[in-house]
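Working notes, structure below.
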Amino acid sequence: MTYRFFTPLPAKTATGLTAEVYGQLREEFLGPAPTFQALSAVPELLAATWALMREALLAGDTSRVDREL
């Protein structure tokens with residue numbers, strides 16, 4: 001994926017909050033997807049977005065599609 005105004009932080013070079021989120025993504029979501037890597041320029045936004053998505057994935061006994069919606 002190509003970005004015009006910034007370069008997302010690769011998982012190997014991430015530190016701090018970004019590294020923590022990437023670690024959780026790797027454990028629970030098969031790795032940092034491009035959607036989340038695009039948010040790495042603002043670690044607080046990355047963490048908040050992941051927190052919302054993670055809660056949806058963990059909540060309830062409904063299908064994954066229903067939880068993500």
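Ordering of the structure tokens sets the chain letters (A, B, ...), residue numbers begin anew at 1 in every chain, and ligands are numbered from 1 in the order given.
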
(request) Name all residues at most 10 Å from stretch 47-61 of chain A (count only C-alpha atoms; drop same-chain ones fewer than 4 positions away) and give them as a ChimeraX atom specification. (result) /A:17-18,20-22,24-25,28-29,35-36,39-40,42-43,65-69

(message) Could you pull out the helix (DSSP H, G or I) residues of chain A, going by DSSP on the backbone, and write them as a VMD selection string?
(response) chain A and resid 11 to 13 16 to 29 34 to 37 43 to 58 64 to 68

(request) Have a look at A:Glu27, A:Ala19, A:Ala38, A:Ala33 and name the one nearest to A:Thr7; count only C-alpha atoms. (result) A:Ala38

(message) From the options A:Thr62, A:Pro8, A:Ala14, A:Gly23, which residue's atoms come nearest to A:Ala41, counting only C-alpha atoms?
(response) A:Pro8
